[in-house]
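Engineer: So I've got this file, entry_3.tsv, and it contains TSV, N, CA and C atoms:
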```tsv
chain	number	residue	atom	x	y	z
A	1	MET	N	84.30	141.42	97.48
A	1	MET	CA	85.04	142.03	98.55
A	1	MET	C	84.12	142.88	99.43
A	2	THR	N	83.16	143.53	98.82
A	2	THR	CA	82.24	144.37	99.58
A	2	THR	C	81.43	143.55	100.57
A	3	GLY	N	81.04	142.33	100.16
A	3	GLY	CA	80.25	141.46	101.03
A	3	GLY	C	80.99	141.13	102.31
A	4	LEU	N	82.27	140.85	102.22
A	4	LEU	CA	83.06	140.55	103.42
A	4	LEU	C	83.15	141.77	104.34
A	5	PHE	N	83.38	142.91	103.76
A	5	PHE	CA	83.49	144.14	104.54
A	5	PHE	C	82.16	144.46	105.21
A	6	HIS	N	81.07	144.26	104.49
A	6	HIS	CA	79.73	144.53	105.04
A	6	HIS	C	79.44	143.63	106.24
A	7	LYS	N	79.77	142.35	106.13
A	7	LYS	CA	79.54	141.43	107.25
A	7	LYS	C	80.35	141.86	108.47
A	8	SER	N	81.54	142.31	108.26
A	8	SER	CA	82.40	142.74	109.36
A	8	SER	C	81.77	143.92	110.09
A	9	ILE	N	81.23	144.85	109.35
A	9	ILE	CA	80.56	146.02	109.96
A	9	ILE	C	79.32	145.56	110.72
A	10	GLU	N	78.55	144.65	110.13
A	10	GLU	CA	77.34	144.16	110.79
A	10	GLU	C	77.69	143.42	112.08
A	11	GLN	N	78.74	142.60	112.05
A	11	GLN	CA	79.15	141.87	113.24
A	11	GLN	C	79.62	142.83	114.34
A	12	LYS	N	80.35	143.85	113.95
A	12	LYS	CA	80.80	144.85	114.93
A	12	LYS	C	79.61	145.57	115.57
A	13	GLU	N	78.60	145.85	114.78
A	13	GLU	CA	77.39	146.51	115.29
A	13	GLU	C	76.67	145.60	116.29
A	14	ILE	N	76.60	144.31	115.97
A	14	ILE	CA	75.94	143.36	116.87
A	14	ILE	C	76.71	143.27	118.19
A	15	ILE	N	78.02	143.21	118.11
A	15	ILE	CA	78.84	143.16	119.32
A	15	ILE	C	78.62	144.41	120.17
A	16	LYS	N	78.58	145.55	119.52
A	16	LYS	CA	78.34	146.82	120.21
A	16	LYS	C	76.97	146.81	120.90
A	17	ARG	N	75.95	146.32	120.19
A	17	ARG	CA	74.59	146.28	120.76
A	17	ARG	C	74.50	145.31	121.93
A	18	LYS	N	75.23	144.19	121.84
A	18	LYS	CA	75.21	143.22	122.94
A	18	LYS	C	75.86	143.82	124.19
A	19	LYS	N	76.92	144.59	124.01
A	19	LYS	CA	77.55	145.26	125.15
A	19	LYS	C	76.58	146.25	125.77
A	20	GLU	N	75.88	146.98	124.91
A	20	GLU	CA	74.87	147.93	125.38
A	20	GLU	C	73.78	147.20	126.15
A	21	LEU	N	73.39	146.05	125.65
A	21	LEU	CA	72.36	145.24	126.29
A	21	LEU	C	72.79	144.86	127.71
A	22	LYS	N	74.01	144.41	127.87
A	22	LYS	CA	74.51	144.00	129.18
A	22	LYS	C	74.60	145.18	130.14
A	23	THR	N	74.95	146.34	129.63
A	23	THR	CA	74.99	147.55	130.46
A	23	THR	C	73.59	147.91	130.93
A	24	LEU	N	72.62	147.80	130.03
A	24	LEU	CA	71.24	148.11	130.39
A	24	LEU	C	70.70	147.13	131.44
A	25	VAL	N	71.12	145.88	131.36
A	25	VAL	CA	70.71	144.91	132.38
A	25	VAL	C	71.25	145.34	133.73
A	26	LYS	N	72.52	145.71	133.78
A	26	LYS	CA	73.13	146.17	135.04
A	26	LYS	C	72.41	147.39	135.59
A	27	ASP	N	71.95	148.26	134.69
A	27	ASP	CA	71.24	149.48	135.09
A	27	ASP	C	69.74	149.24	135.31
A	28	LYS	N	69.31	147.99	135.16
A	28	LYS	CA	67.92	147.59	135.37
A	28	LYS	C	66.93	148.32	134.46
A	29	GLN	N	67.35	148.61	133.25
A	29	GLN	CA	66.48	149.24	132.26
A	29	GLN	C	65.89	148.15	131.37
A	30	TYR	N	64.99	147.38	131.97
A	30	TYR	CA	64.52	146.16	131.35
A	30	TYR	C	63.67	146.36	130.11
A	31	ASP	N	62.89	147.43	130.04
A	31	ASP	CA	62.10	147.68	128.82
A	31	ASP	C	63.04	147.88	127.63
A	32	LYS	N	64.09	148.62	127.85
A	32	LYS	CA	65.08	148.87	126.79
A	32	LYS	C	65.82	147.58	126.44
A	33	VAL	N	66.09	146.75	127.45
A	33	VAL	CA	66.74	145.46	127.21
A	33	VAL	C	65.87	144.62	126.28
A	34	LEU	N	64.58	144.56	126.57
A	34	LEU	CA	63.68	143.76	125.74
A	34	LEU	C	63.61	144.30	124.31
A	35	GLN	N	63.62	145.61	124.18
A	35	GLN	CA	63.56	146.22	122.85
A	35	GLN	C	64.82	145.87	122.05
A	36	ILE	N	65.98	146.11	122.63
A	36	ILE	CA	67.23	145.84	121.92
A	36	ILE	C	67.41	144.34	121.71
A	37	GLY	N	67.05	143.55	122.72
A	37	GLY	CA	67.14	142.10	122.58
A	37	GLY	C	66.32	141.59	121.42
A	38	SER	N	65.11	142.11	121.27
A	38	SER	CA	64.25	141.71	120.15
A	38	SER	C	64.88	142.09	118.81
A	39	GLU	N	65.46	143.28	118.76
A	39	GLU	CA	66.11	143.73	117.52
A	39	GLU	C	67.29	142.82	117.17
A	40	LEU	N	68.08	142.47	118.18
A	40	LEU	CA	69.22	141.59	117.94
A	40	LEU	C	68.78	140.20	117.49
A	41	LEU	N	67.70	139.71	118.09
A	41	LEU	CA	67.22	138.37	117.74
A	41	LEU	C	66.62	138.33	116.34
A	42	GLU	N	66.16	139.47	115.83
A	42	GLU	CA	65.70	139.51	114.44
A	42	GLU	C	66.87	139.23	113.49
A	43	LYS	N	68.05	139.73	113.86
A	43	LYS	CA	69.24	139.55	113.02
A	43	LYS	C	69.91	138.20	113.27
A	44	ARG	N	69.91	137.78	114.53
A	44	ARG	CA	70.58	136.53	114.91
A	44	ARG	C	69.68	135.76	115.88
A	45	PRO	N	68.68	135.03	115.35
A	45	PRO	CA	67.69	134.38	116.22
A	45	PRO	C	68.24	133.26	117.10
A	46	ASP	N	69.46	132.80	116.83
A	46	ASP	CA	70.05	131.73	117.62
A	46	ASP	C	71.13	132.22	118.57
A	47	ASP	N	71.15	133.49	118.88
A	47	ASP	CA	72.16	134.04	119.79
A	47	ASP	C	71.80	133.64	121.22
A	48	LEU	N	72.55	132.70	121.76
A	48	LEU	CA	72.24	132.15	123.07
A	48	LEU	C	72.28	133.19	124.18
A	49	ASP	N	73.26	134.09	124.13
A	49	ASP	CA	73.36	135.12	125.17
A	49	ASP	C	72.12	136.00	125.19
A	50	VAL	N	71.70	136.45	124.03
A	50	VAL	CA	70.55	137.35	123.94
A	50	VAL	C	69.27	136.60	124.32
A	51	LEU	N	69.13	135.37	123.84
A	51	LEU	CA	67.96	134.58	124.22
A	51	LEU	C	67.88	134.41	125.73
A	52	PHE	N	69.02	134.15	126.37
A	52	PHE	CA	69.04	133.96	127.81
A	52	PHE	C	68.68	135.25	128.56
A	53	ILE	N	69.24	136.35	128.12
A	53	ILE	CA	68.95	137.64	128.77
A	53	ILE	C	67.47	137.99	128.64
A	54	VAL	N	66.93	137.90	127.44
A	54	VAL	CA	65.53	138.24	127.21
A	54	VAL	C	64.61	137.29	127.98
A	55	GLY	N	64.90	136.00	127.90
A	55	GLY	CA	64.10	135.02	128.64
A	55	GLY	C	64.14	135.27	130.14
A	56	SER	N	65.30	135.64	130.65
A	56	SER	CA	65.45	135.91	132.08
A	56	SER	C	64.66	137.14	132.51
A	57	ILE	N	64.62	138.15	131.67
A	57	ILE	CA	63.85	139.36	131.98
A	57	ILE	C	62.37	139.00	132.07
A	58	TYR	N	61.89	138.25	131.10
A	58	TYR	CA	60.49	137.83	131.15
A	58	TYR	C	60.21	136.99	132.39
A	59	TYR	N	61.15	136.13	132.76
A	59	TYR	CA	60.99	135.32	133.96
A	59	TYR	C	60.88	136.22	135.20
A	60	MET	N	61.79	137.19	135.30
A	60	MET	CA	61.78	138.10	136.45
A	60	MET	C	60.48	138.90	136.53
A	61	ARG	N	59.89	139.16	135.39
A	61	ARG	CA	58.64	139.92	135.35
A	61	ARG	C	57.41	139.04	135.56
A	62	GLY	N	57.63	137.75	135.78
A	62	GLY	CA	56.52	136.85	136.03
A	62	GLY	C	55.81	136.38	134.77
A	63	LYS	N	56.41	136.62	133.62
A	63	LYS	CA	55.83	136.16	132.35
A	63	LYS	C	56.46	134.82	131.99
A	64	HIS	N	56.04	133.81	132.75
A	64	HIS	CA	56.70	132.52	132.70
A	64	HIS	C	56.52	131.79	131.37
A	65	LYS	N	55.34	131.85	130.79
A	65	LYS	CA	55.13	131.18	129.50
A	65	LYS	C	56.03	131.79	128.43
A	66	THR	N	56.14	133.10	128.44
A	66	THR	CA	57.01	133.77	127.46
A	66	THR	C	58.46	133.40	127.71
A	67	SER	N	58.86	133.39	128.97
A	67	SER	CA	60.26	133.06	129.28
A	67	SER	C	60.58	131.64	128.83
A	68	ILE	N	59.65	130.72	129.02
A	68	ILE	CA	59.88	129.33	128.62
A	68	ILE	C	60.12	129.22	127.12
A	69	SER	N	59.43	130.04	126.33
A	69	SER	CA	59.63	129.97	124.88
A	69	SER	C	61.08	130.34	124.52
A	70	TYR	N	61.66	131.29	125.23
A	70	TYR	CA	63.06	131.65	124.99
A	70	TYR	C	63.99	130.56	125.50
A	71	PHE	N	63.69	130.00	126.67
A	71	PHE	CA	64.52	128.93	127.22
A	71	PHE	C	64.50	127.70	126.31
A	72	ASP	N	63.33	127.41	125.73
A	72	ASP	CA	63.24	126.27	124.82
A	72	ASP	C	64.11	126.46	123.58
A	73	LYS	N	64.18	127.69	123.09
A	73	LYS	CA	65.05	127.96	121.93
A	73	LYS	C	66.50	127.69	122.28
A	74	ILE	N	66.90	128.09	123.48
A	74	ILE	CA	68.27	127.83	123.92
A	74	ILE	C	68.51	126.33	124.02
A	75	LEU	N	67.57	125.63	124.63
A	75	LEU	CA	67.74	124.20	124.87
A	75	LEU	C	67.67	123.39	123.57
A	76	ASP	N	67.04	123.94	122.54
A	76	ASP	CA	67.07	123.30	121.22
A	76	ASP	C	68.50	123.29	120.67
A	77	ILE	N	69.27	124.30	121.03
A	77	ILE	CA	70.64	124.44	120.54
A	77	ILE	C	71.63	123.79	121.50
A	78	SER	N	71.40	124.00	122.78
A	78	SER	CA	72.32	123.51	123.81
A	78	SER	C	71.48	122.83	124.90
A	79	SER	N	71.17	121.56	124.68
A	79	SER	CA	70.18	120.87	125.51
A	79	SER	C	70.59	120.65	126.95
A	80	TYR	N	71.87	120.75	127.25
A	80	TYR	CA	72.32	120.52	128.62
A	80	TYR	C	72.92	121.78	129.24
A	81	ASP	N	72.23	122.89	129.09
A	81	ASP	CA	72.65	124.15	129.71
A	81	ASP	C	71.98	124.22	131.09
A	82	PRO	N	72.74	123.99	132.17
A	82	PRO	CA	72.12	123.88	133.50
A	82	PRO	C	71.42	125.16	133.97
A	83	GLU	N	71.97	126.33	133.64
A	83	GLU	CA	71.32	127.58	134.07
A	83	GLU	C	69.96	127.74	133.40
A	84	THR	N	69.93	127.45	132.11
A	84	THR	CA	68.67	127.57	131.37
A	84	THR	C	67.67	126.53	131.85
A	85	LEU	N	68.13	125.31	132.05
A	85	LEU	CA	67.25	124.26	132.55
A	85	LEU	C	66.66	124.63	133.91
A	86	LEU	N	67.48	125.24	134.77
A	86	LEU	CA	66.99	125.60	136.10
A	86	LEU	C	65.95	126.72	136.02
A	87	LEU	N	66.21	127.72	135.19
A	87	LEU	CA	65.21	128.78	135.02
A	87	LEU	C	63.92	128.24	134.44
A	88	LYS	N	64.05	127.35	133.46
A	88	LYS	CA	62.85	126.76	132.86
A	88	LYS	C	62.10	125.94	133.91
A	89	ALA	N	62.83	125.16	134.72
A	89	ALA	CA	62.19	124.36	135.77
A	89	ALA	C	61.45	125.26	136.76
A	90	ASN	N	62.06	126.37	137.13
A	90	ASN	CA	61.40	127.30	138.05
A	90	ASN	C	60.16	127.93	137.43
A	91	ALA	N	60.25	128.27	136.15
A	91	ALA	CA	59.09	128.85	135.46
A	91	ALA	C	57.96	127.83	135.39
A	92	LEU	N	58.31	126.59	135.08
A	92	LEU	CA	57.30	125.52	135.04
A	92	LEU	C	56.68	125.32	136.42
A	93	PHE	N	57.50	125.38	137.46
A	93	PHE	CA	57.00	125.27	138.83
A	93	PHE	C	55.98	126.37	139.11
A	94	GLU	N	56.32	127.59	138.74
A	94	GLU	CA	55.43	128.72	138.97
A	94	GLU	C	54.10	128.55	138.22
A	95	LEU	N	54.13	127.85	137.10
A	95	LEU	CA	52.92	127.61	136.32
A	95	LEU	C	52.17	126.36	136.80
A	96	GLY	N	52.72	125.70	137.81
A	96	GLY	CA	52.08	124.50	138.34
A	96	GLY	C	52.31	123.26	137.50
A	97	GLN	N	53.26	123.31	136.59
A	97	GLN	CA	53.57	122.17	135.72
A	97	GLN	C	54.71	121.36	136.36
A	98	TYR	N	54.37	120.71	137.45
A	98	TYR	CA	55.38	120.07	138.29
A	98	TYR	C	56.10	118.91	137.59
A	99	ASN	N	55.38	118.10	136.85
A	99	ASN	CA	56.03	116.96	136.18
A	99	ASN	C	57.07	117.43	135.16
A	100	GLU	N	56.75	118.49	134.43
A	100	GLU	CA	57.70	119.04	133.46
A	100	GLU	C	58.89	119.66	134.18
A	101	ALA	N	58.63	120.31	135.30
A	101	ALA	CA	59.73	120.89	136.09
A	101	ALA	C	60.66	119.79	136.59
A	102	ILE	N	60.08	118.68	137.02
A	102	ILE	CA	60.88	117.55	137.50
A	102	ILE	C	61.77	117.01	136.38
A	103	LYS	N	61.23	116.95	135.16
A	103	LYS	CA	62.04	116.48	134.02
A	103	LYS	C	63.27	117.37	133.82
A	104	CYS	N	63.09	118.67	133.93
A	104	CYS	CA	64.22	119.60	133.80
A	104	CYS	C	65.22	119.36	134.93
A	105	CYS	N	64.71	119.19	136.14
A	105	CYS	CA	65.58	118.94	137.30
A	105	CYS	C	66.38	117.66	137.11
A	106	ASN	N	65.74	116.63	136.60
A	106	ASN	CA	66.44	115.36	136.39
A	106	ASN	C	67.56	115.51	135.36
A	107	LYS	N	67.31	116.31	134.36
A	107	LYS	CA	68.34	116.54	133.34
A	107	LYS	C	69.53	117.28	133.96
A	108	ILE	N	69.24	118.24	134.84
A	108	ILE	CA	70.33	118.96	135.52
A	108	ILE	C	71.10	118.00	136.42
A	109	LYS	N	70.39	117.12	137.10
A	109	LYS	CA	71.05	116.16	137.99
A	109	LYS	C	71.99	115.23	137.23
A	110	GLU	N	71.70	114.97	135.96
A	110	GLU	CA	72.62	114.17	135.13
A	110	GLU	C	73.96	114.90	134.97
A	111	ILE	N	73.89	116.22	134.84
A	111	ILE	CA	75.07	117.03	134.63
A	111	ILE	C	75.77	117.34	135.95
A	112	ASP	N	74.97	117.70	136.93
A	112	ASP	CA	75.49	118.17	138.22
A	112	ASP	C	74.65	117.58	139.35
A	113	PRO	N	74.98	116.35	139.77
A	113	PRO	CA	74.15	115.65	140.77
A	113	PRO	C	74.03	116.37	142.12
A	114	LYS	N	74.97	117.25	142.43
A	114	LYS	CA	74.95	117.92	143.73
A	114	LYS	C	74.42	119.35	143.65
A	115	ASN	N	73.77	119.69	142.56
A	115	ASN	CA	73.26	121.05	142.37
A	115	ASN	C	72.23	121.37	143.46
A	116	LYS	N	72.58	122.30	144.33
A	116	LYS	CA	71.73	122.63	145.49
A	116	LYS	C	70.41	123.27	145.06
A	117	ALA	N	70.45	124.11	144.05
A	117	ALA	CA	69.23	124.77	143.60
A	117	ALA	C	68.21	123.76	143.09
A	118	VAL	N	68.68	122.72	142.44
A	118	VAL	CA	67.78	121.67	141.94
A	118	VAL	C	67.17	120.91	143.11
A	119	LEU	N	68.00	120.58	144.08
A	119	LEU	CA	67.50	119.86	145.25
A	119	LEU	C	66.45	120.68	145.99
A	120	GLU	N	66.68	121.99	146.10
A	120	GLU	CA	65.70	122.88	146.75
A	120	GLU	C	64.40	122.94	145.96
A	121	LEU	N	64.51	123.04	144.64
A	121	LEU	CA	63.30	123.10	143.81
A	121	LEU	C	62.52	121.79	143.89
A	122	LEU	N	63.23	120.67	143.84
A	122	LEU	CA	62.54	119.38	143.96
A	122	LEU	C	61.83	119.25	145.31
A	123	SER	N	62.44	119.79	146.34
A	123	SER	CA	61.81	119.79	147.66
A	123	SER	C	60.52	120.62	147.64
A	124	LYS	N	60.57	121.80	147.00
A	124	LYS	CA	59.38	122.64	146.88
A	124	LYS	C	58.29	121.94	146.09
A	125	ILE	N	58.68	121.25	145.03
A	125	ILE	CA	57.71	120.52	144.20
A	125	ILE	C	57.05	119.42	145.03
A	126	ASN	N	57.86	118.68	145.78
A	126	ASN	CA	57.33	117.60	146.60
A	126	ASN	C	56.33	118.13	147.63
A	127	THR	N	56.63	119.29	148.20
A	127	THR	CA	55.72	119.90	149.16
A	127	THR	C	54.40	120.26	148.51
A	128	LYS	N	54.43	120.81	147.30
A	128	LYS	CA	53.22	121.21	146.57
A	128	LYS	C	52.39	120.01	146.13
A	129	GLN	N	53.04	118.89	145.84
A	129	GLN	CA	52.32	117.73	145.32
A	129	GLN	C	51.67	116.88	146.41
A	130	ARG	N	51.94	117.17	147.64
A	130	ARG	CA	51.36	116.37	148.73
A	130	ARG	C	49.88	116.60	148.89
```
How would this structure read if it were set down as structure tokens?

Structural biologist:
Amino acid sequence: MTGLFHKSIEQKEIIKRKKELKTLVKDKQYDKVLQIGSELLEKRPDDLDVLFIVGSIYYMRGKHKTSISYFDKILDISSYDPETLLLKANALFELGQYNEAIKCCNKIKEIDPKNKAVLELLSKINTKQR
């Protein structure tokens, strides 16, 4: 019986920390977001929300290789997540990995053929490859 009660307390703590994380994102306290996000991922390494938030912060900070590692973890679990695929494609573009970025764009086009952001990114890639 204690085990069930303990898990309930742990889950409530994780929910509380995730809410705190989202508030910190709104307040643009990104160092604190990364700290709490890392702590949460130690307990729940497959938490898609936290992986996305942490990966996005690294992307915004220009740490594209690091952001891609978080996006890849998400895509291992949910391979057709268009938001994650688009961020990964943009990160790959920034790193000059155009062919890999195109692969992500093509996967998004399978899900959402009229996605404007993908069409814009593909246009930017085509311009760079000329």

Engineer: Taking only C-alpha atoms into account, name the residue in A:Leu121, A:Ile14, A:Leu95, A:Leu51 that is nearest to Ser78 of chain A.

Structural biologist: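 Smallest separation from Ser78 of chain A among the options: A:Leu51.
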
Engineer: Determine, using all atoms listed in the file, which residues of segment 53-113 of chain A have any atom at most 7 Å from an atom of segment 37-48 of chain A, and tabulate each with its shortest atom pair and distance in Å to one decimal place, rows ordered by chain and then rising number, as a tab-separated table.

Structural biologist:
```
residue	atom	partner	partner_atom	distance
A:Ile53	N	A:Leu48	C	5.9
A:Val54	CA	A:Gly37	CA	6.2
A:Ile74	CA	A:Leu48	CA	5.9
```

Engineer: Could you name the residues that touch segment 104-119 of chain A at 6 Å or less, counting all atoms listed in the file, but leaving out those on the same chain fewer than 4 positions away, as a VMD selection string?

Structural biologist: chain A and resid 82 85 89 100 123

Engineer: Using only C-alpha atoms, which of A:Leu75, A:Tyr98, A:Lys22, A:Ser56 sits nearest Asn126 of chain A?

Structural biologist: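 Smallest separation from Asn126 of chain A among the options: A:Tyr98.
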
Engineer: What separation in Å, quoted to one decimal, exists between atom N of Glu83 of chain A and atom C of Lys103 of chain A?

Structural biologist: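 Computing it gives 12.5 Å between the two atoms.
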
Engineer: Of the candidates A:Arg61, A:Ile102, A:Lys16, A:Tyr30, which one gets nearest to Leu86 of chain A if we count only C-alpha atoms?

Structural biologist: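 Nearest to Leu86 of chain A: A:Ile102.
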
Engineer: Around (56.1, 132.6, 139.1) in the file's frame, which residues reach within 6.5 Å when counting only N, CA and C atoms? Return as a PDB file with N, CA and C atoms, in the coordinates of the input?

Structural biologist:
```
ATOM      1  N   GLY A  62      57.630 137.750 135.780  1.00  0.00           N
ATOM      2  CA  GLY A  62      56.520 136.850 136.030  1.00  0.00           C
ATOM      3  C   GLY A  62      55.810 136.380 134.770  1.00  0.00           C
ATOM      4  N   HIS A  64      56.040 133.810 132.750  1.00  0.00           N
ATOM      5  CA  HIS A  64      56.700 132.520 132.700  1.00  0.00           C
ATOM      6  C   HIS A  64      56.520 131.790 131.370  1.00  0.00           C
ATOM      7  N   ASN A  90      62.060 126.370 137.130  1.00  0.00           N
ATOM      8  CA  ASN A  90      61.400 127.300 138.050  1.00  0.00           C
ATOM      9  C   ASN A  90      60.160 127.930 137.430  1.00  0.00           C
ATOM     10  N   ALA A  91      60.250 128.270 136.150  1.00  0.00           N
ATOM     11  CA  ALA A  91      59.090 128.850 135.460  1.00  0.00           C
ATOM     12  C   ALA A  91      57.960 127.830 135.390  1.00  0.00           C
ATOM     13  N   PHE A  93      57.500 125.380 137.460  1.00  0.00           N
ATOM     14  CA  PHE A  93      57.000 125.270 138.830  1.00  0.00           C
ATOM     15  C   PHE A  93      55.980 126.370 139.110  1.00  0.00           C
ATOM     16  N   GLU A  94      56.320 127.590 138.740  1.00  0.00           N
ATOM     17  CA  GLU A  94      55.430 128.720 138.970  1.00  0.00           C
ATOM     18  C   GLU A  94      54.100 128.550 138.220  1.00  0.00           C
ATOM     19  N   LEU A  95      54.130 127.850 137.100  1.00  0.00           N
ATOM     20  CA  LEU A  95      52.920 127.610 136.320  1.00  0.00           C
ATOM     21  C   LEU A  95      52.170 126.360 136.800  1.00  0.00           C
TER      22      LEU A  95
END
```

Engineer: According to DSSP computed on the backbone, where in chain A is there helix (DSSP H, G or I)? Give the residues as a ChimeraX atom specification.

Structural biologist: /A:2-26,30-43,48-60,64-77,82-94,98-111,116-129

Engineer: Quote the spacing between atom C of Ser67 of chain A and atom N of Gly55 of chain A in Å to one decimal place.

Structural biologist: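 It comes out at 6.2 Å.
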
Engineer: One number please: atom CA of Leu87 of chain A to atom CA of Phe71 of chain A, in Å, one decimal.

Structural biologist: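 Atom CA of Phe71 of chain A lies at a distance of 7.8 Å from atom CA of Leu87 of chain A.
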
Engineer: Which one is closest to Asp72 of chain A: A:Lys128, A:Leu92, A:Lys28, A:Met60? Count only C-alpha atoms.

Structural biologist: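 That would be A:Leu92, the residue with the smallest distance to Asp72 of chain A.
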